[in-house]
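Coordinates from data_21.txt are shown below (compact mmCIF, C-alpha atoms).
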# COMPACT_ATOMS: atom_id res chain seq x y z
CA MET G 1 42.42 76.30 -60.41
CA ARG G 2 43.83 77.19 -63.85
CA TYR G 3 47.32 76.92 -62.39
CA CYS G 4 46.66 73.35 -61.18
CA LYS G 5 45.28 72.34 -64.58
CA SER G 6 48.37 73.81 -66.25
CA ILE G 7 50.68 71.76 -64.01
CA THR G 8 48.68 68.58 -64.69
CA THR G 9 48.83 69.14 -68.43
CA THR G 10 52.58 69.74 -68.31
CA ILE G 11 53.16 66.54 -66.30
CA LEU G 12 51.05 64.49 -68.72
CA PHE G 13 52.91 65.98 -71.68
CA CYS G 14 56.29 65.11 -70.12
CA LEU G 15 55.13 61.57 -69.38
CA LEU G 16 54.07 61.17 -73.02
CA LEU G 17 57.48 62.36 -74.18
CA TYR G 18 59.17 59.93 -71.78
CA THR G 19 57.11 56.88 -72.68
CA GLY G 20 56.65 57.61 -76.39
CA SER G 21 53.88 59.28 -78.38
CA THR G 22 51.58 56.22 -78.05
CA GLY G 23 51.63 56.43 -74.26
CA ALA G 24 52.89 52.84 -74.00
CA GLN G 25 54.89 51.87 -70.93
CA LEU G 26 58.64 52.07 -71.16
CA GLU G 27 59.97 48.57 -71.82
CA THR G 28 62.91 47.29 -69.81
CA GLU G 29 65.22 44.81 -71.49
CA LYS G 30 65.32 41.54 -69.56
CA PRO G 31 68.53 39.58 -68.84
CA GLN G 32 69.49 36.88 -71.33
CA VAL G 33 69.79 33.41 -69.78
CA LYS G 34 70.76 30.20 -71.57
CA ILE G 35 69.65 26.82 -70.22
CA ILE G 36 71.76 23.74 -70.97
CA ALA G 37 69.50 20.78 -70.24
CA THR G 38 70.84 17.37 -69.21
CA GLY G 39 67.74 15.71 -67.78
CA GLY G 40 67.78 14.43 -64.21
CA THR G 41 65.02 14.41 -61.62
CA ILE G 42 64.30 18.09 -62.20
CA ALA G 43 62.77 17.07 -65.56
CA ASN G 44 61.53 13.64 -64.51
CA SER G 45 57.92 12.45 -64.61
CA PRO G 46 56.21 9.04 -64.63
CA ASP G 47 56.17 9.28 -68.44
CA GLY G 48 59.91 9.93 -68.69
CA ARG G 49 62.14 12.98 -68.69
CA MET G 50 60.42 16.06 -70.04
CA ALA G 51 61.82 18.69 -72.37
CA VAL G 52 62.92 21.75 -70.41
CA GLN G 53 60.53 23.85 -72.48
CA THR G 54 57.67 21.81 -71.02
CA VAL G 55 59.05 22.33 -67.53
CA LEU G 56 59.30 26.08 -68.11
CA GLU G 57 55.68 26.21 -69.26
CA GLN G 58 54.71 24.91 -65.83
CA ILE G 59 56.52 27.86 -64.19
CA PRO G 60 54.85 30.81 -66.00
CA SER G 61 56.41 33.54 -63.84
CA ILE G 62 59.91 32.46 -64.86
CA GLY G 63 59.50 34.40 -68.10
CA ASP G 64 59.31 37.62 -66.10
CA VAL G 65 62.81 37.05 -64.76
CA ALA G 66 64.74 36.68 -68.02
CA ASP G 67 64.55 35.94 -71.72
CA ILE G 68 65.39 32.23 -71.78
CA THR G 69 66.79 30.15 -74.63
CA ILE G 70 67.38 26.41 -74.39
CA ARG G 71 70.08 24.00 -75.51
CA ASP G 72 68.63 20.51 -74.98
CA TYR G 73 71.89 18.57 -74.71
CA VAL G 74 70.79 15.21 -73.28
CA ARG G 75 68.03 13.69 -71.14
CA ILE G 76 69.57 11.17 -68.75
CA GLY G 77 69.77 10.49 -65.04
CA SER G 78 72.77 11.96 -63.28
CA SER G 79 73.99 8.46 -62.37
CA GLU G 80 74.71 8.10 -66.09
CA ILE G 81 76.68 11.36 -66.38
CA SER G 82 80.20 10.66 -67.62
CA LEU G 83 83.48 12.48 -67.96
CA GLN G 84 82.66 12.85 -71.66
CA ASN G 85 79.40 14.58 -70.69
CA TRP G 86 81.33 17.00 -68.48
CA ILE G 87 83.64 17.90 -71.34
CA ASP G 88 80.71 18.30 -73.73
CA ILE G 89 78.79 20.54 -71.30
CA ALA G 90 81.85 22.72 -70.69
CA ASN G 91 82.47 23.09 -74.43
CA LEU G 92 78.78 23.81 -75.08
CA ILE G 93 78.82 26.62 -72.51
CA THR G 94 82.02 28.04 -73.98
CA GLU G 95 80.51 27.88 -77.46
CA GLU G 96 77.26 29.55 -76.40
CA LEU G 97 79.06 32.38 -74.62
CA ALA G 98 81.29 32.96 -77.65
CA ASP G 99 78.33 32.95 -80.07
CA HIS G 100 76.11 35.05 -77.78
CA PRO G 101 78.31 37.51 -75.88
CA ASP G 102 75.20 39.29 -74.55
CA THR G 103 74.38 36.24 -72.38
CA ASP G 104 73.97 37.31 -68.76
CA GLY G 105 73.94 33.83 -67.24
CA VAL G 106 73.83 30.09 -67.88
CA VAL G 107 71.77 27.46 -66.06
CA VAL G 108 72.54 23.74 -66.30
CA THR G 109 69.65 21.49 -65.31
CA HIS G 110 70.95 18.31 -63.74
CA GLY G 111 70.13 15.23 -61.69
CA SER G 112 71.08 15.31 -58.04
CA ASN G 113 73.49 12.37 -57.69
CA THR G 114 76.44 13.85 -59.58
CA SER G 115 75.40 17.50 -59.59
CA GLU G 116 78.21 18.52 -57.25
CA GLU G 117 80.82 16.80 -59.43
CA THR G 118 79.59 18.39 -62.65
CA ALA G 119 79.55 21.76 -60.89
CA TYR G 120 83.14 21.41 -59.63
CA PHE G 121 84.46 20.21 -63.00
CA LEU G 122 82.89 23.24 -64.71
CA ASN G 123 84.22 25.46 -61.92
CA LEU G 124 87.76 24.43 -62.81
CA VAL G 125 87.62 24.35 -66.61
CA LEU G 126 85.37 27.25 -67.68
CA ASP G 127 87.06 30.56 -68.47
CA THR G 128 84.33 33.11 -67.79
CA GLN G 129 82.94 35.50 -65.21
CA VAL G 130 79.40 34.96 -66.50
CA PRO G 131 77.36 33.20 -63.80
CA VAL G 132 76.94 29.47 -64.42
CA VAL G 133 74.36 27.88 -62.13
CA ILE G 134 73.52 24.21 -61.60
CA ALA G 135 69.84 23.51 -60.88
CA ALA G 136 68.76 20.14 -59.52
CA ALA G 137 65.92 18.51 -57.62
CA GLN G 138 65.22 15.59 -55.32
CA ARG G 139 61.61 14.91 -56.25
CA GLU G 140 59.89 14.13 -59.55
CA ARG G 141 57.64 16.82 -60.96
CA THR G 142 54.43 14.96 -60.11
CA THR G 143 55.55 14.17 -56.55
CA LEU G 144 53.92 15.90 -53.59
CA SER G 145 55.94 19.03 -52.69
CA GLU G 146 58.23 18.69 -55.73
CA ASP G 147 61.22 21.01 -55.40
CA GLY G 148 62.28 21.31 -59.04
CA SER G 149 60.10 24.26 -60.01
CA ARG G 150 61.36 26.54 -57.24
CA ASN G 151 64.95 25.43 -57.71
CA LEU G 152 64.87 26.14 -61.45
CA TYR G 153 63.11 29.46 -60.92
CA ASP G 154 65.73 30.56 -58.38
CA ALA G 155 68.60 29.28 -60.54
CA VAL G 156 67.44 31.52 -63.39
CA ARG G 157 67.09 34.44 -60.96
CA VAL G 158 70.65 33.97 -59.72
CA ALA G 159 72.07 33.45 -63.23
CA ALA G 160 70.40 36.71 -64.31
CA HIS G 161 71.64 38.63 -61.27
CA PRO G 162 74.64 40.92 -61.89
CA GLY G 163 75.92 40.26 -58.36
CA ALA G 164 76.52 36.60 -59.27
CA ARG G 165 79.32 37.46 -61.72
CA GLY G 166 82.78 36.30 -60.77
CA HIS G 167 81.68 33.85 -58.06
CA GLY G 168 82.54 30.77 -60.11
CA VAL G 169 80.05 28.00 -60.80
CA LEU G 170 77.16 28.01 -58.35
CA MET G 171 74.51 25.57 -57.24
CA VAL G 172 71.12 27.02 -56.36
CA VAL G 173 68.78 24.72 -54.42
CA ASN G 174 66.33 25.14 -51.55
CA GLU G 175 66.62 28.94 -51.81
CA MET G 176 70.34 28.79 -51.03
CA ILE G 177 73.34 29.68 -53.20
CA HIS G 178 76.28 27.29 -52.87
CA ALA G 179 79.81 27.39 -54.27
CA ALA G 180 80.58 24.45 -56.57
CA ARG G 181 83.73 23.62 -54.59
CA ASP G 182 81.94 23.28 -51.26
CA VAL G 183 78.50 21.83 -51.90
CA THR G 184 77.75 18.12 -51.40
CA LYS G 185 74.63 15.99 -51.56
CA THR G 186 74.28 14.55 -48.05
CA ILE G 187 70.80 12.97 -47.83
CA SER G 188 69.34 10.23 -50.00
CA TYR G 189 65.86 11.61 -50.70
CA ARG G 190 64.87 14.60 -48.57
CA PRO G 191 65.10 17.92 -50.44
CA GLU G 192 67.40 19.63 -47.92
CA THR G 193 70.20 17.33 -49.06
CA TRP G 194 72.69 19.93 -50.37
CA ASP G 195 75.10 21.29 -47.80
CA SER G 196 78.33 23.27 -47.91
CA GLY G 197 79.81 21.78 -44.77
CA ASP G 198 82.16 23.83 -42.64
CA LEU G 199 82.18 26.79 -45.00
CA GLY G 200 78.46 27.34 -45.53
CA ALA G 201 76.43 28.78 -48.39
CA LEU G 202 77.42 31.93 -50.28
CA GLY G 203 74.02 33.52 -50.15
CA LEU G 204 70.26 33.25 -50.31
CA ALA G 205 67.66 33.29 -53.06
CA ASP G 206 64.81 34.75 -51.02
CA SER G 207 61.48 35.70 -52.53
CA ASP G 208 62.20 39.43 -52.48
CA ARG G 209 65.86 39.46 -53.52
CA ILE G 210 69.10 37.62 -54.27
CA ARG G 211 71.60 38.23 -51.49
CA PHE G 212 75.30 37.27 -51.43
CA TYR G 213 77.15 37.25 -48.11
CA ARG G 214 80.57 35.95 -49.17
CA THR G 215 82.57 35.05 -52.24
CA PRO G 216 84.85 32.02 -52.77
CA THR G 217 88.55 32.61 -52.17
CA SER G 218 89.70 29.47 -54.00
CA ARG G 219 90.72 29.72 -57.65
CA HIS G 220 88.03 29.01 -60.21
CA THR G 221 86.75 29.76 -63.73
CA PHE G 222 88.39 32.98 -64.98
CA ASN G 223 91.49 32.66 -62.77
CA SER G 224 91.91 28.90 -63.09
CA ASP G 225 94.92 27.41 -64.89
CA LEU G 226 93.07 24.15 -65.52
CA HIS G 227 90.96 25.02 -68.56
CA LEU G 228 90.24 22.36 -71.19
CA ASP G 229 92.27 24.20 -73.85
CA GLY G 230 90.67 22.38 -76.75
CA VAL G 231 90.17 18.98 -75.10
CA THR G 232 87.06 17.32 -76.57
CA GLN G 233 87.50 13.64 -75.68
CA ALA G 234 87.49 11.99 -72.26
CA GLY G 235 90.38 9.77 -73.32
CA SER G 236 92.63 12.83 -73.32
CA LEU G 237 92.43 13.07 -69.53
CA PRO G 238 94.34 10.72 -67.20
CA ARG G 239 92.62 8.01 -65.23
CA VAL G 240 92.20 8.72 -61.52
CA ASP G 241 90.50 6.22 -59.19
CA ILE G 242 89.14 6.44 -55.65
CA VAL G 243 90.00 3.81 -53.03
CA TYR G 244 87.75 3.58 -49.99
CA THR G 245 89.16 2.83 -46.55
CA TYR G 246 87.37 0.58 -44.08
CA ALA G 247 88.36 -1.63 -41.16
CA ASP G 248 90.72 -4.45 -42.21
CA ALA G 249 90.81 -3.23 -45.84
CA GLY G 250 93.58 -4.87 -47.85
CA PRO G 251 95.71 -3.70 -50.79
CA GLU G 252 93.55 -5.22 -53.54
CA LEU G 253 91.72 -2.06 -54.62
CA VAL G 254 94.95 -0.09 -54.86
CA GLU G 255 96.56 -2.86 -56.88
CA ALA G 256 93.53 -3.04 -59.18
CA ALA G 257 93.64 0.72 -59.81
CA VAL G 258 97.33 0.57 -60.72
CA ALA G 259 96.73 -2.44 -62.97
CA ALA G 260 93.91 -0.54 -64.71
CA GLY G 261 96.31 2.26 -65.60
CA ALA G 262 95.49 4.87 -62.96
CA GLU G 263 97.89 7.82 -63.02
CA GLY G 264 96.45 9.05 -59.74
CA ILE G 265 94.64 7.58 -56.75
CA VAL G 266 92.50 9.47 -54.27
CA VAL G 267 92.05 7.71 -50.93
CA ALA G 268 88.83 8.10 -48.97
CA GLY G 269 90.68 7.56 -45.72
CA PHE G 270 89.43 7.35 -42.18
CA ALA G 271 88.20 10.68 -40.82
CA THR G 272 91.73 11.42 -39.54
CA GLY G 273 93.02 11.21 -43.12
CA THR G 274 94.74 7.85 -42.76
CA PRO G 275 94.40 4.47 -44.51
CA THR G 276 94.80 0.99 -43.09
CA LEU G 277 98.38 -0.30 -42.86
CA ALA G 278 97.82 -2.63 -45.82
CA ILE G 279 96.41 0.15 -48.01
CA GLY G 280 99.23 2.48 -46.97
CA THR G 281 101.86 -0.06 -47.98
CA ALA G 282 100.17 -0.59 -51.35
CA LEU G 283 100.00 3.17 -51.88
CA GLU G 284 103.72 3.51 -51.21
CA ASP G 285 104.37 0.84 -53.83
CA ALA G 286 102.11 2.68 -56.28
CA GLU G 287 104.04 5.92 -55.65
CA THR G 288 107.29 4.21 -56.66
CA GLN G 289 105.56 3.40 -59.98
CA GLY G 290 104.81 7.08 -60.58
CA VAL G 291 101.20 7.12 -59.38
CA ALA G 292 100.15 10.36 -57.63
CA ILE G 293 98.49 9.66 -54.26
CA VAL G 294 96.09 12.14 -52.67
CA MET G 295 94.55 11.60 -49.25
CA SER G 296 90.99 12.71 -48.62
CA HIS G 297 88.69 11.19 -45.99
CA ARG G 298 85.27 9.64 -45.69
CA GLY G 299 84.02 11.79 -42.83
CA GLY G 300 82.55 14.63 -44.87
CA ARG G 301 83.90 17.62 -42.94
CA GLY G 302 87.31 18.99 -42.01
CA ARG G 303 90.60 19.02 -43.87
CA VAL G 304 93.37 16.47 -44.09
CA GLU G 305 96.43 17.91 -42.39
CA THR G 306 99.52 18.56 -44.47
CA GLY G 307 102.86 16.96 -43.71
CA ARG G 308 101.45 13.43 -43.97
CA PRO G 309 103.06 10.74 -46.16
CA PHE G 310 100.67 11.53 -49.02
CA ILE G 311 99.35 14.71 -50.66
CA SER G 312 96.57 16.37 -48.68
CA ALA G 313 93.25 16.96 -50.46
CA ASP G 314 92.67 19.82 -48.01
CA ASN G 315 88.91 19.66 -47.29
CA LEU G 316 87.77 18.39 -50.68
CA THR G 317 85.57 15.32 -50.74
CA PRO G 318 87.10 12.28 -52.47
CA GLN G 319 84.90 12.73 -55.55
CA LYS G 320 86.00 16.34 -55.98
CA ALA G 321 89.63 15.58 -55.17
CA ARG G 322 89.53 13.08 -58.05
CA ILE G 323 88.44 15.81 -60.46
CA LEU G 324 91.11 18.26 -59.35
CA LEU G 325 93.86 15.61 -59.46
CA MET G 326 92.76 14.51 -62.94
CA LEU G 327 92.93 18.05 -64.33
CA ALA G 328 96.19 18.90 -62.55
CA LEU G 329 97.87 15.80 -63.98
CA ALA G 330 96.46 16.59 -67.42
CA HIS G 331 98.19 19.98 -67.22
CA GLY G 332 101.49 18.41 -66.28
CA VAL G 333 101.63 19.58 -62.67
CA PRO G 334 104.55 17.71 -61.03
CA VAL G 335 103.84 15.60 -57.97
CA ASP G 336 105.80 17.90 -55.66
CA ALA G 337 103.54 20.83 -56.66
CA LEU G 338 100.21 19.02 -56.28
CA GLU G 339 99.69 19.90 -52.62
CA SER G 340 99.90 23.59 -53.54
CA VAL G 341 97.24 23.02 -56.19
CA PHE G 342 94.92 21.48 -53.60
CA GLU G 343 95.47 24.47 -51.32
CA SER G 344 94.68 26.89 -54.16
CA TYR G 345 91.61 25.26 -55.72
As structure tokens:
Amino acid sequence: MRYCKSITTTILFCLLLYTGSTGAQLETEKPQVKIIATGGTIANSPDGRMAVQTVLEQIPSIGDVADITIRDYVRIGSSEISLQNWIDIANLITEELADHPDTDGVVVTHGSNTSEETAYFLNLVLDTQVPVVIAAAQRERTTLSEDGSRNLYDAVRVAAHPGARGHGVLMVVNEMIHAARDVTKTISYRPETWDSGDLGALGLADSDRIRFYRTPTSRHTFNSDLHLDGVTQAGSLPRVDIVYTYADAGPELVEAAVAAGAEGIVVAGFATGTPTLAIGTALEDAETQGVAIVMSHRGGRGRVETGRPFISADNLTPQKARILLMLALAHGVPVDALESVFESY
């Protein structure tokens, strides 16, 4: 009996030494996550867009995941997001990571309509392995079955997760982890709108754990050659327009883009990656004037085959092909090297 008491005393003494003389529990340092807030449906209510701090207060368990600090950049709908906003957000993230090198992850709250475009722009221009996660929602906060709370909670979880490093910019919605390059909003209002097409999601944000199943092979973030390099104004980037193809479409949209000063045109061609004859002729004329022409398609899935008259966008959607073409031209990539860029990014 004495022997058992002696063992118990020794164990208690060791536990006191381990936890400190007060007997308090050993504290574990939480990950550091920065939120860059832009507004959007995820912060929307009938009374207007809420401060992210107010949103966080409605998700009390989120504080158990990470220590969160907020940069309230702007509160607008994503239909209002501009190229200047993209540049500002990228420079804000770069600034925050430089000022706070202990940051484990960054979350950008965003509206759904242009979330995929913001994500892909950041994926190309940021120079970091720190996880950057876009969080969005389809339903206002007061709507039945609103999805914003869970999406934001999971976005913080993924941003704080060490396994998310080096995957490029991510989008976390509906308990799925998507690569910025692949994800697209596909449905007008239902919450399962985000889809990564032929390539699929990278992983899952399940209740018990974050699980990655693959990593992007395209170039992004830390191994991209398309960083902003000090660019602060949208006017420093070349104009690139998108021309949509439809039955009996004429040359007018191509001609208007050239007249407006477009240095590049992305074509949302038929699903086979072809335009109408009239658009094709206008594109050939634009090429002779030094305009770079990239062919995407309006179908949503599959790649445009190489070896066509115009540069293949690979399997990028027109809106993402526009971003890549814009940045490639800004970095002086010659036209004959653009197809290689689209294969790499």
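In this model, the gap between CA of Ala90 in chain G and CA of Glu146 in chain G comes to 28.2 Å.
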Test item: residues at most 6 Å from range 125-127 of chain G, all atoms listed in the file, excluding those fewer than 6 positions along its chain, as a list in words: Thr221, Phe222, Leu226, His227 and Leu228 of chain G
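You will find CA of Ala205 in chain G at 9.5 Å from CA of Asn151 in chain G.
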Any chance you could tabulate, as CSV, the residues of range 56-159 of chain G at most 7 Å from range 174-187 of chain G with each one's nearest atom pair and distance in Å to one decimal, using all atoms listed in the file, in chain and rising number order?
residue,atom,partner,partner_atom,distance
G:Glu116,CA,G:Thr184,CA,5.9
G:Ala119,CA,G:Ala180,CA,5.2
G:Tyr120,CA,G:Ala180,CA,5.0
G:Asn123,CA,G:Ala180,CA,6.5
G:Asn151,CA,G:Asn174,CA,6.3
G:Asp154,CA,G:Glu175,CA,6.8
Would you mind exporting C-alpha atoms of the selected residues as an mmCIF file, in the coordinates of the input?
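Result file is out10.cif:
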data_model
loop_
_atom_site.group_PDB
_atom_site.id
_atom_site.type_symbol
_atom_site.label_atom_id
_atom_site.label_comp_id
_atom_site.auth_asym_id
_atom_site.auth_seq_id
_atom_site.Cartn_x
_atom_site.Cartn_y
_atom_site.Cartn_z
ATOM 1 C CA GLU G 116 78.210 18.520 -57.250
ATOM 2 C CA ALA G 119 79.550 21.760 -60.890
ATOM 3 C CA TYR G 120 83.140 21.410 -59.630
ATOM 4 C CA ASN G 123 84.220 25.460 -61.920
ATOM 5 C CA ASN G 151 64.950 25.430 -57.710
ATOM 6 C CA ASP G 154 65.730 30.560 -58.380
#
All residues 7 Å or closer to range 48-65 of chain G, all atoms listed in the file, same chain fewer than 3 positions away omitted, as a list in words: Ala37, Gly39, Ala43, Asn44, Ser45, Arg75, Ser149, Tyr153 and Arg157 of chain G
Can you write out the residues you just picked, keeping C-alpha atoms, as a CSV table (one decimal), in the frame of the given file?
chain,number,residue,atom,x,y,z
G,37,ALA,CA,69.5,20.8,-70.2
G,39,GLY,CA,67.7,15.7,-67.8
G,43,ALA,CA,62.8,17.1,-65.6
G,44,ASN,CA,61.5,13.6,-64.5
G,45,SER,CA,57.9,12.4,-64.6
G,75,ARG,CA,68.0,13.7,-71.1
G,149,SER,CA,60.1,24.3,-60.0
G,153,TYR,CA,63.1,29.5,-60.9
G,157,ARG,CA,67.1,34.4,-61.0
Selection near Ala330 in chain G, 8 Å with only C-alpha atoms, sequence-local residues under 3 positions removed, as JSON, numbers by chain: {"G": [236, 237, 238, 326, 327, 333]}
Take range 276-287 of chain G, model N, CA and C atoms, and hand the result over as a compact mmCIF listing (two decimals), in the frame of the given file.
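Heads up, here's the output in out.txt:
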# COMPACT_ATOMS: atom_id res chain seq x y z
N THR G 276 94.32 2.14 -43.86
CA THR G 276 94.80 0.99 -43.09
C THR G 276 96.28 0.77 -43.44
N LEU G 277 96.97 -0.02 -42.62
CA LEU G 277 98.38 -0.30 -42.86
C LEU G 277 98.58 -0.97 -44.22
N ALA G 278 97.69 -1.91 -44.55
CA ALA G 278 97.82 -2.63 -45.82
C ALA G 278 97.62 -1.70 -47.02
N ILE G 279 96.63 -0.81 -46.92
CA ILE G 279 96.41 0.15 -48.01
C ILE G 279 97.60 1.09 -48.11
N GLY G 280 98.09 1.55 -46.96
CA GLY G 280 99.23 2.48 -46.97
C GLY G 280 100.45 1.88 -47.64
N THR G 281 100.72 0.61 -47.35
CA THR G 281 101.86 -0.06 -47.98
C THR G 281 101.68 -0.17 -49.49
N ALA G 282 100.45 -0.49 -49.92
CA ALA G 282 100.17 -0.59 -51.35
C ALA G 282 100.28 0.77 -52.02
N LEU G 283 99.89 1.82 -51.32
CA LEU G 283 100.00 3.17 -51.88
C LEU G 283 101.47 3.58 -52.05
N GLU G 284 102.30 3.22 -51.09
CA GLU G 284 103.72 3.51 -51.21
C GLU G 284 104.33 2.80 -52.42
N ASP G 285 103.91 1.57 -52.65
CA ASP G 285 104.37 0.84 -53.83
C ASP G 285 103.89 1.52 -55.11
N ALA G 286 102.65 2.00 -55.10
CA ALA G 286 102.11 2.68 -56.28
C ALA G 286 102.87 3.97 -56.56
N GLU G 287 103.26 4.68 -55.49
CA GLU G 287 104.04 5.92 -55.65
C GLU G 287 105.35 5.64 -56.36
